[in-house]
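> The file below is target_30.tsv, TSV, C-alpha atoms and all ligand atoms:
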chain	number	residue	atom	x	y	z
A	10	MET	CA	78.55	74.91	120.38
A	11	ALA	CA	80.34	77.87	118.83
A	12	ARG	CA	83.77	77.14	117.39
A	13	ILE	CA	85.80	80.01	118.77
A	14	LEU	CA	89.54	80.24	118.23
A	15	ARG	CA	91.19	82.93	120.30
A	16	ILE	CA	93.90	84.24	118.03
A	17	GLY	CA	97.01	86.09	119.16
A	18	GLY	CA	98.62	88.15	116.41
A	19	ALA	CA	102.25	88.39	117.56
A	20	GLN	CA	103.51	91.49	115.81
A	21	MET	CA	107.29	91.84	115.97
A	22	GLY	CA	109.26	95.06	115.97
A	23	ALA	CA	112.46	95.42	114.01
A	24	ILE	CA	115.11	92.70	113.88
A	25	GLN	CA	118.57	94.03	113.07
A	26	LYS	CA	121.14	92.24	110.91
A	27	THR	CA	123.26	91.57	113.98
A	28	ASP	CA	120.44	90.01	116.04
A	29	SER	CA	120.96	86.26	116.47
A	30	ARG	CA	118.19	83.67	116.00
A	31	GLN	CA	118.42	82.98	119.76
A	32	VAL	CA	117.73	86.63	120.63
A	33	VAL	CA	114.76	86.68	118.26
A	34	ALA	CA	113.42	83.37	119.59
A	35	ARG	CA	113.46	84.84	123.11
A	36	ARG	CA	111.24	87.68	121.90
A	37	MET	CA	108.92	85.12	120.30
A	38	LEU	CA	108.79	83.19	123.58
A	39	ASP	CA	107.90	86.38	125.41
A	40	LEU	CA	105.02	86.98	122.97
A	41	LEU	CA	103.96	83.35	123.47
A	42	ASP	CA	103.87	83.92	127.25
A	43	ARG	CA	101.66	86.96	126.71
A	44	ALA	CA	99.38	84.83	124.51
A	45	LYS	CA	99.20	82.17	127.20
A	46	ALA	CA	98.23	84.83	129.77
A	47	GLN	CA	95.37	85.82	127.47
A	48	ASN	CA	94.26	82.22	126.83
A	49	CYS	CA	95.04	82.24	123.12
A	50	ASP	CA	94.58	79.07	121.07
A	51	LEU	CA	96.82	80.02	118.15
A	52	VAL	CA	99.67	82.55	117.84
A	53	VAL	CA	100.50	84.07	114.46
A	54	TYR	CA	104.02	85.48	113.92
A	55	PRO	CA	105.30	87.43	110.87
A	56	GLU	CA	106.96	86.49	107.58
A	57	LEU	CA	110.69	85.66	107.92
A	58	ALA	CA	110.21	85.97	111.67
A	59	LEU	CA	113.64	84.71	112.70
A	60	THR	CA	115.84	87.29	110.97
A	61	THR	CA	115.97	90.77	109.56
A	62	PHE	CA	114.27	91.12	106.17
A	63	PHE	CA	117.46	90.08	104.37
A	64	PRO	CA	116.12	90.37	100.76
A	65	ARG	CA	116.79	94.11	101.02
A	66	TRP	CA	120.51	93.28	100.84
A	67	TYR	CA	122.23	92.44	97.54
A	68	MET	CA	124.51	89.44	98.10
A	69	THR	CA	126.68	87.58	95.60
A	70	ASP	CA	128.32	85.03	97.92
A	71	GLN	CA	126.06	81.97	98.33
A	72	VAL	CA	127.54	81.30	101.77
A	73	ASP	CA	126.30	84.72	102.90
A	74	VAL	CA	122.90	84.06	101.37
A	75	ASP	CA	122.56	80.67	103.01
A	76	SER	CA	123.38	82.07	106.43
A	77	TRP	CA	119.83	83.49	106.45
A	78	PHE	CA	118.19	80.11	105.73
A	79	GLU	CA	117.05	77.27	108.02
A	80	ARG	CA	117.96	73.71	107.00
A	81	GLU	CA	115.54	72.05	109.40
A	82	MET	CA	112.46	73.01	111.38
A	83	PRO	CA	112.31	72.89	114.32
A	84	ASN	CA	115.99	73.56	114.87
A	85	ALA	CA	118.16	74.56	117.80
A	86	ALA	CA	116.88	78.14	117.86
A	87	THR	CA	113.17	77.37	117.48
A	88	ARG	CA	112.84	74.10	119.43
A	89	PRO	CA	112.16	75.95	122.73
A	90	LEU	CA	109.28	77.75	121.01
A	91	PHE	CA	107.77	74.48	119.77
A	92	GLU	CA	108.21	72.88	123.19
A	93	ARG	CA	106.75	75.74	125.20
A	94	ALA	CA	103.81	76.12	122.80
A	95	ALA	CA	103.06	72.38	123.12
A	96	ARG	CA	103.27	72.69	126.91
A	97	TYR	CA	100.78	75.54	126.76
A	98	ALA	CA	98.65	73.65	124.16
A	99	ILE	CA	98.85	76.69	121.87
A	100	GLY	CA	99.15	76.39	118.08
A	101	LEU	CA	101.71	78.46	116.17
A	102	THR	CA	102.42	79.76	112.72
A	103	PHE	CA	105.52	81.68	111.64
A	104	GLY	CA	107.61	82.33	108.58
A	105	TYR	CA	111.26	81.55	107.83
A	106	ALA	CA	113.64	81.10	104.91
A	107	GLU	CA	113.74	77.40	104.06
A	108	LEU	CA	116.69	75.60	102.44
A	109	THR	CA	115.60	72.08	101.50
A	110	SER	CA	117.86	69.03	101.62
A	111	ASP	CA	117.94	69.01	97.79
A	112	GLY	CA	119.01	72.64	97.58
A	113	HIS	CA	115.79	74.60	96.98
A	114	ARG	CA	115.13	77.91	98.73
A	115	PHE	CA	111.66	79.09	99.65
A	116	ASN	CA	109.99	81.83	101.68
A	117	THR	CA	108.03	79.47	103.91
A	118	SER	CA	105.57	79.38	106.78
A	119	VAL	CA	104.56	76.47	108.97
A	120	LEU	CA	101.41	75.71	110.91
A	121	VAL	CA	102.04	73.92	114.20
A	122	ASP	CA	99.19	72.27	116.09
A	123	ARG	CA	98.60	72.35	119.83
A	124	ASP	CA	100.77	69.27	120.30
A	125	GLY	CA	103.77	70.97	118.72
A	126	ARG	CA	103.52	69.03	115.43
A	127	ILE	CA	103.95	70.73	112.07
A	128	VAL	CA	100.65	70.02	110.34
A	129	GLY	CA	100.96	72.44	107.43
A	130	LYS	CA	103.59	74.07	105.28
A	131	TYR	CA	103.15	76.88	102.78
A	132	ARG	CA	105.76	78.31	100.39
A	133	LYS	CA	105.22	81.87	99.16
A	134	VAL	CA	103.81	81.87	95.64
A	135	HIS	CA	103.85	85.58	94.71
A	136	LEU	CA	107.45	86.75	95.08
A	137	PRO	CA	107.73	90.52	94.64
A	138	GLY	CA	110.77	92.50	93.60
A	139	HIS	CA	113.63	91.63	91.26
A	140	SER	CA	116.64	89.35	90.94
A	141	GLU	CA	119.51	91.71	90.03
A	142	TYR	CA	120.80	94.86	91.71
A	143	ASP	CA	118.61	97.76	90.56
A	144	PRO	CA	120.25	101.19	90.93
A	145	GLN	CA	116.96	102.90	89.99
A	146	ARG	CA	115.31	101.82	93.22
A	147	ALA	CA	115.61	103.71	96.51
A	148	PHE	CA	116.32	100.31	98.12
A	149	GLN	CA	116.48	96.73	96.95
A	150	HIS	CA	113.83	94.01	97.23
A	151	LEU	CA	115.54	90.83	96.03
A	152	GLU	CA	113.03	88.09	96.83
A	153	LYS	CA	113.15	86.89	93.21
A	154	ARG	CA	116.93	86.46	93.60
A	155	TYR	CA	116.90	84.43	96.81
A	156	PHE	CA	113.70	82.37	96.59
A	157	GLU	CA	111.95	80.12	94.12
A	158	PRO	CA	108.17	80.52	93.77
A	159	GLY	CA	106.36	78.17	96.13
A	160	ASP	CA	105.58	74.71	94.80
A	161	LEU	CA	102.80	73.68	97.17
A	162	GLY	CA	99.88	75.80	95.95
A	163	PHE	CA	97.47	77.15	98.57
A	164	PRO	CA	96.48	74.14	100.67
A	165	VAL	CA	94.21	74.30	103.72
A	166	TRP	CA	94.23	72.02	106.75
A	167	ARG	CA	91.62	70.69	109.16
A	168	THR	CA	93.18	71.52	112.51
A	169	MET	CA	92.28	73.19	115.82
A	170	GLY	CA	88.59	72.63	115.11
A	171	GLY	CA	88.52	74.55	111.83
A	172	ILE	CA	89.78	74.80	108.25
A	173	LEU	CA	92.93	76.92	108.22
A	174	GLY	CA	95.13	78.22	105.41
A	175	MET	CA	98.24	80.37	105.07
A	176	CYS	CA	99.74	82.83	102.66
A	177	ILE	CA	102.66	85.25	102.97
A	178	CYS	CA	102.91	89.03	102.58
A	179	ASN	CA	102.63	89.92	98.88
A	180	ASP	CA	100.19	87.02	98.38
A	181	ARG	CA	97.60	89.11	100.25
A	182	ARG	CA	97.38	91.54	97.33
A	183	TRP	CA	96.18	88.85	94.90
A	184	PRO	CA	92.48	87.83	94.91
A	185	GLU	CA	93.43	84.39	93.59
A	186	THR	CA	95.18	83.62	96.88
A	187	TYR	CA	91.98	83.92	98.90
A	188	ARG	CA	89.73	82.36	96.27
A	189	VAL	CA	91.80	79.19	95.90
A	190	MET	CA	91.56	78.71	99.67
A	191	GLY	CA	87.92	79.87	99.66
A	192	LEU	CA	87.14	77.07	97.22
A	193	GLN	CA	88.42	74.65	99.87
A	194	GLY	CA	86.13	76.13	102.51
A	195	VAL	CA	88.81	78.06	104.40
A	196	GLU	CA	87.61	79.61	107.66
A	197	LEU	CA	90.75	81.38	108.83
A	198	ILE	CA	93.74	82.56	106.79
A	199	THR	CA	96.94	83.60	108.54
A	200	LEU	CA	99.77	85.60	107.03
A	201	GLY	CA	102.86	87.48	108.05
A	202	TYR	CA	104.38	90.41	106.21
A	203	ASN	CA	107.41	92.70	105.88
A	204	THR	CA	106.15	95.72	103.96
A	205	PRO	CA	108.51	98.69	103.46
A	206	SER	CA	106.86	101.97	104.51
A	207	THR	CA	107.62	103.56	101.14
A	208	ASN	CA	107.57	102.34	97.56
A	209	ALA	CA	111.16	101.91	96.31
A	210	GLN	CA	110.01	103.00	92.82
A	211	LYS	CA	107.56	105.79	93.73
A	212	SER	CA	108.78	108.30	96.30
A	213	ASP	CA	105.34	109.80	97.00
A	214	GLU	CA	103.84	106.46	98.04
A	215	GLY	CA	104.31	106.56	101.80
A	216	PRO	CA	103.06	104.67	104.85
A	217	GLN	CA	99.45	105.96	104.73
A	218	THR	CA	98.92	104.69	101.20
A	219	ARG	CA	100.73	101.45	102.00
A	220	LEU	CA	98.53	100.86	105.05
A	221	PHE	CA	95.46	101.65	102.95
A	222	HIS	CA	96.38	99.06	100.29
A	223	HIS	CA	97.19	96.58	103.05
A	224	ARG	CA	93.80	96.92	104.75
A	225	LEU	CA	91.92	97.13	101.45
A	226	THR	CA	93.18	93.79	100.18
A	227	LEU	CA	92.80	91.95	103.48
A	228	GLN	CA	89.28	93.25	104.11
A	229	ALA	CA	88.20	92.45	100.55
A	230	GLY	CA	89.73	88.96	100.68
A	231	ALA	CA	88.00	88.20	103.97
A	232	TYR	CA	84.58	89.47	102.85
A	233	GLN	CA	84.60	87.97	99.36
A	234	ASN	CA	85.42	84.54	100.74
A	235	SER	CA	83.60	84.84	104.07
A	236	THR	CA	86.67	83.97	106.09
A	237	TRP	CA	88.66	85.34	108.99
A	238	VAL	CA	92.03	86.84	108.01
A	239	VAL	CA	94.86	87.42	110.48
A	240	ALA	CA	97.73	89.55	109.16
A	241	VAL	CA	100.80	90.13	111.31
A	242	ALA	CA	103.67	92.53	110.68
A	243	LYS	CA	107.34	92.64	111.25
A	244	CYS	CA	107.71	96.39	111.52
A	245	GLY	CA	109.74	99.33	112.78
A	246	ILE	CA	113.12	100.39	111.48
A	247	GLU	CA	115.37	97.50	110.44
A	248	ASP	CA	118.92	98.56	109.71
A	249	GLY	CA	117.66	102.02	108.69
A	250	HIS	CA	114.74	100.70	106.61
A	251	PRO	CA	111.19	101.38	107.93
A	252	LEU	CA	108.48	98.72	107.67
A	253	ILE	CA	104.76	99.38	108.26
A	254	ALA	CA	103.01	97.96	111.31
A	255	GLY	CA	99.19	97.75	111.10
A	256	SER	CA	98.71	94.11	112.13
A	257	ILE	CA	95.00	93.33	111.92
A	258	ILE	CA	92.41	90.63	112.44
A	259	VAL	CA	89.52	90.87	109.96
A	260	ASN	CA	86.16	89.13	110.38
A	261	PRO	CA	84.21	87.41	107.57
A	262	ASP	CA	82.24	90.63	106.97
A	263	GLY	CA	85.51	92.35	106.15
A	264	GLU	CA	85.56	94.38	109.36
A	265	ILE	CA	88.71	94.96	111.40
A	266	VAL	CA	88.19	93.58	114.91
A	267	ALA	CA	91.73	94.03	116.29
A	268	GLU	CA	94.60	96.26	115.21
A	269	SER	CA	98.09	96.93	116.58
A	270	GLN	CA	98.89	100.33	118.04
A	271	THR	CA	102.70	100.28	118.03
A	272	GLU	CA	105.63	99.48	115.76
A	273	ASP	CA	107.07	97.10	118.31
A	274	ASP	CA	106.55	93.60	119.70
A	275	GLU	CA	102.82	93.60	120.47
A	276	LEU	CA	100.10	91.00	120.82
A	277	ILE	CA	96.67	91.66	119.31
A	278	VAL	CA	93.90	89.30	120.35
A	279	ALA	CA	90.47	88.43	118.99
A	280	ASP	CA	87.96	85.65	119.51
A	281	CYS	CA	87.36	84.32	116.02
A	282	ASP	CA	84.08	82.43	115.78
A	283	LEU	CA	84.61	80.08	112.85
A	284	ASP	CA	80.86	79.59	112.57
A	285	ALA	CA	80.58	83.28	111.67
A	286	THR	CA	81.92	82.24	108.24
A	287	VAL	CA	78.86	80.10	107.51
A	288	PHE	CA	76.29	82.79	106.67
A	289	GLY	CA	78.36	84.37	103.88
A	290	LYS	CA	79.41	81.00	102.52
A	291	GLU	CA	75.76	79.89	102.29
A	292	THR	CA	74.31	83.10	100.86
A	293	ILE	CA	75.98	85.82	98.77
A	294	PHE	CA	79.24	83.87	98.43
A	295	ASP	CA	77.73	80.42	97.99
A	296	PHE	CA	80.23	79.59	95.27
A	297	LYS	CA	78.42	76.47	94.03
A	298	ARG	CA	75.25	78.40	93.21
A	299	HIS	CA	76.65	81.70	92.00
A	300	ARG	CA	80.09	81.31	90.41
A	301	ARG	CA	80.17	81.26	86.58
A	302	VAL	CA	83.39	79.44	85.80
A	303	GLU	CA	82.60	79.35	82.08
A	304	HIS	CA	83.58	83.05	82.07
A	305	TYR	CA	86.74	82.76	84.18
A	306	GLU	CA	88.96	80.81	81.76
A	307	ARG	CA	91.41	83.71	81.34
A	308	ILE	CA	92.21	83.60	85.04
A	309	THR	CA	94.21	80.40	84.68
A	310	SER	CA	95.12	80.36	80.97
A	311	GLN	CA	96.63	83.85	80.77
A	312	THR	CA	99.22	85.59	82.99
A	313	GLY	CA	99.71	89.10	81.56
A	314	VAL	CA	97.26	91.51	79.96
A	315	ILE	CA	96.13	90.97	76.34
A	316	LEU	CA	94.74	94.25	75.03
A	317	PRO	CA	91.79	94.32	72.62
A	318	GLU	CA	92.50	94.84	68.86
A	401	LIG	N1	107.65	90.95	101.71
A	401	LIG	C1	106.83	91.37	100.74
A	401	LIG	O1	106.25	90.57	100.02
A	401	LIG	N2	106.68	92.71	100.59
A	401	LIG	C2	105.89	93.31	99.55
A	401	LIG	C3	106.42	94.66	99.17
A	401	LIG	C4	107.63	94.55	98.35
A	401	LIG	C5	105.42	95.47	98.40
A	401	LIG	C6	104.44	93.45	99.97
A	401	LIG	O2	103.58	93.11	99.16
A	401	LIG	O3	104.17	93.96	101.05
Output the file's structure in the form of structure tokens.
Ligand code: CDV

Amino acid sequence: MARILRIGGAQMGAIQKTDSRQVVARRMLDLLDRAKAQNCDLVVYPELALTTFFPRWYMTDQVDVDSWFEREMPNAATRPLFERAARYAIGLTFGYAELTSDGHRFNTSVLVDRDGRIVGKYRKVHLPGHSEYDPQRAFQHLEKRYFEPGDLGFPVWRTMGGILGMCICNDRRWPETYRVMGLQGVELITLGYNTPSTNAQKSDEGPQTRLFHHRLTLQAGAYQNSTWVVAVAKCGIEDGHPLIAGSIIVNPDGEIVAESQTEDDELIVADCDLDATVFGKETIFDFKRHRRVEHYERITSQTGVILPE
């Protein structure tokens, strides 16, 4: 019997600084209702889904910073989402800023099974941007100021009949992200993103180029690891700052099978046959037969470029 997961990619339009968690959670519930109406098995929400993309703001007061973080999950704002999803028997994944009980801050996503239990947690490994105010940039991107790099690696989980993994936004640009999960047999990778429509350091890099890089990396990651990839945007204009949309679901051949059409709250749906990952994993990307790890040592021993003599 085919293992088909009907995925709902719950793209979210802009969230303004003044929007409360409760207001945002109501939008997420509305998207969940739409997913239920379309018989989805799993709903994927964006990175930092509960708030505006706050790392664009330079803050020096830790109380201000911490107001964007969640100390527990689920919490008062998100519990209705967990409860309704469990009632519908729909799995969830979404991102949020996590403040741990021992004072660590991560850009995190959770995977919630169809009973409403958190079965997986991922903390963003590749943090883009900078840690101090940078007057040279058209706008700030202070993820390195507010978050520590994730400390959980790239785990995968057996849940909902398949092998699922997560990453977050900038992680999608790094082939290592997919390969580490590919080496654990991942069949479906979910990720959320907040990608500014222009490059803060290169004024002629606009939304078309950004969408091209976005699709390029997701399609390559899916194909080269024979896995489904579901990428979901927070998009639109947040507090005057535009973010790309372009939420997509990519099959294990690297083809886009669903794509958003708006820059607003929108559900994209695709039936993802997890068995469609098998052919690639057993042939051209049969890692056990074809990988030559004796030549890959630099990948883990070296971070930056070492030029030849
Ligand atoms: N939230 C992100 O990680 N955004 C980055 C931007 C800064 C390029 C991204 O890779 O989309």
> Rank nothing, just name the residue among A:Ile16, A:Met82, A:Val189, A:Val266 nearest to Gly104 of chain A, using all atoms listed in the file.
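Counting all atoms listed in the file, the residue closest to Gly104 of chain A is A:Met82.
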> Considering only C-alpha atoms and all ligand atoms, give me a table of residues in chain A that are at most 6 Å from ligand LIG 401 (chain A), with the closest atom pair and distance in Å for each, as a tab-separated table.

residue	atom	partner	partner_atom	distance
A:Pro137	CA	A:LIG401	C4	5.5
A:Cys178	CA	A:LIG401	O1	4.5
A:Asn179	CA	A:LIG401	O2	3.3
A:Tyr202	CA	A:LIG401	N1	5.6
A:Asn203	CA	A:LIG401	N1	4.5
A:Thr204	CA	A:LIG401	O3	3.9
> Looking at A:Asn116, A:Asn48, A:Thr109, A:Ser140, which one is nearest to Tyr97 of chain A, with distances taken over all atoms listed in the file?
A:Asn48
> Counting all atoms listed in the file, which residue out of A:Ala86, A:Ile253, A:Gly129, A:His299 sits closest to Thr218 of chain A?
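Closest candidate: A:Ile253.
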> Give me, as a ChimeraX atom specification, all polymer residues having an atom no more than 12 Å from Arg123 of chain A, counting only C-alpha atoms and skipping those fewer than 4 positions away in the same chain.
/A:49-52,91-102,127-128,168-170
> Env of segment 186-188 of chain A: 9 Å cut, atoms = only C-alpha atoms, seq-sep filter 3 positions within chain, self excluded. Answer as number ranges by chain.
A: 134, 163, 176, 180-183, 191-193, 195, 198, 230-231, 233-234, 236
> Given only C-alpha atoms as the basis, pick out the residue of A:Glu79, A:Thr87, A:Pro64, A:Arg154 nearest to Arg36 of chain A.
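Smallest separation from Arg36 of chain A among the options: A:Thr87.
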> Hey, can you check how far atom CA of Arg12 of chain A sits from atom CA of Thr286 of chain A?
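Pair atom CA of Arg12 of chain A / atom CA of Thr286 of chain A returns 10.6 Å.
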> Do you have the atom CA of Gln149 of chain A-atom CA of Ile258 of chain A distance handy?
29.3 Å
> Figure out the distance between atom CA of Phe103 of chain A and atom CA of Arg80 of chain A, please, to one decimal in Å.
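Atom-to-atom, atom CA of Arg80 of chain A and atom CA of Phe103 of chain A are spaced 15.5 Å apart.
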> Please identify all polymer residues within 6 Å of Ala254 of chain A, counting all atoms listed in the file, omitting same-chain residues fewer than 2 positions from it, and present them as a PyMOL selection string.
chain A and resi 242+244+256+272
> Extract, using only C-alpha atoms, all DNA, RNA and protein residues at most 9 Å from Leu276 of chain A, discarding same-chain residues fewer than 6 positions from it, and format them as a list in words.
Gly17, Gly18, Ala19, Gln20, Met21, Leu40, Leu41, Arg43, Ala44, Val52 and Ser269 of chain A
> Limited to C-alpha atoms, could you put the picked residues into a file as a PDB file, in the frame of the given file?

ATOM      1  CA  GLY A  17      97.010  86.090 119.160  1.00  0.00           C
ATOM      2  CA  GLY A  18      98.620  88.150 116.410  1.00  0.00           C
ATOM      3  CA  ALA A  19     102.250  88.390 117.560  1.00  0.00           C
ATOM      4  CA  GLN A  20     103.510  91.490 115.810  1.00  0.00           C
ATOM      5  CA  MET A  21     107.290  91.840 115.970  1.00  0.00           C
ATOM      6  CA  LEU A  40     105.020  86.980 122.970  1.00  0.00           C
ATOM      7  CA  LEU A  41     103.960  83.350 123.470  1.00  0.00           C
ATOM      8  CA  ARG A  43     101.660  86.960 126.710  1.00  0.00           C
ATOM      9  CA  ALA A  44      99.380  84.830 124.510  1.00  0.00           C
ATOM     10  CA  VAL A  52      99.670  82.550 117.840  1.00  0.00           C
ATOM     11  CA  SER A 269      98.090  96.930 116.580  1.00  0.00           C
TER      12      SER A 269
END
> Check the smallest atom-to-atom distance from each of A:Arg167, A:Ser110, A:Met175, A:Thr309 to Lys133 of chain A using all atoms listed in the file, then report the winner.
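Selected residue with least distance to Lys133 of chain A: A:Met175.
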> Check which residues of segment 144-250 of chain A sit at most 9 Å from segment 25-35 of chain A using all atoms listed in the file, and return one row each with the closest pair of atoms and their distance in Å to one decimal, ordered by chain and rising number, as a Markdown table.

| residue | atom | partner | partner_atom | distance |
| --- | --- | --- | --- | --- |
| A:Ile246 | CA | A:Gln25 | CA | 8.5 |
| A:Glu247 | CA | A:Gln25 | CA | 5.4 |
| A:Asp248 | CA | A:Gln25 | CA | 5.7 |
> Neighbouring residues of Phe294 of chain A were defined as those with any atom within 10 Å, considering all atoms listed in the file; residues of the same chain fewer than 3 positions away were excluded. Please report them as an mmCIF file with C-alpha atoms, keeping the file's coordinate frame.

data_model
loop_
_atom_site.group_PDB
_atom_site.id
_atom_site.type_symbol
_atom_site.label_atom_id
_atom_site.label_comp_id
_atom_site.auth_asym_id
_atom_site.auth_seq_id
_atom_site.Cartn_x
_atom_site.Cartn_y
_atom_site.Cartn_z
ATOM 1 C CA GLY A 191 87.920 79.870 99.660
ATOM 2 C CA TYR A 232 84.580 89.470 102.850
ATOM 3 C CA GLN A 233 84.600 87.970 99.360
ATOM 4 C CA ASN A 234 85.420 84.540 100.740
ATOM 5 C CA SER A 235 83.600 84.840 104.070
ATOM 6 C CA VAL A 287 78.860 80.100 107.510
ATOM 7 C CA PHE A 288 76.290 82.790 106.670
ATOM 8 C CA GLY A 289 78.360 84.370 103.880
ATOM 9 C CA LYS A 290 79.410 81.000 102.520
ATOM 10 C CA GLU A 291 75.760 79.890 102.290
ATOM 11 C CA LYS A 297 78.420 76.470 94.030
ATOM 12 C CA ARG A 298 75.250 78.400 93.210
ATOM 13 C CA HIS A 299 76.650 81.700 92.000
ATOM 14 C CA ARG A 300 80.090 81.310 90.410
#
> Measuring atom to atom with only C-alpha atoms, identify which of A:Asp42, A:Tyr142, A:Val121, A:Arg132 is nearest to Thr69 of chain A.
A:Tyr142
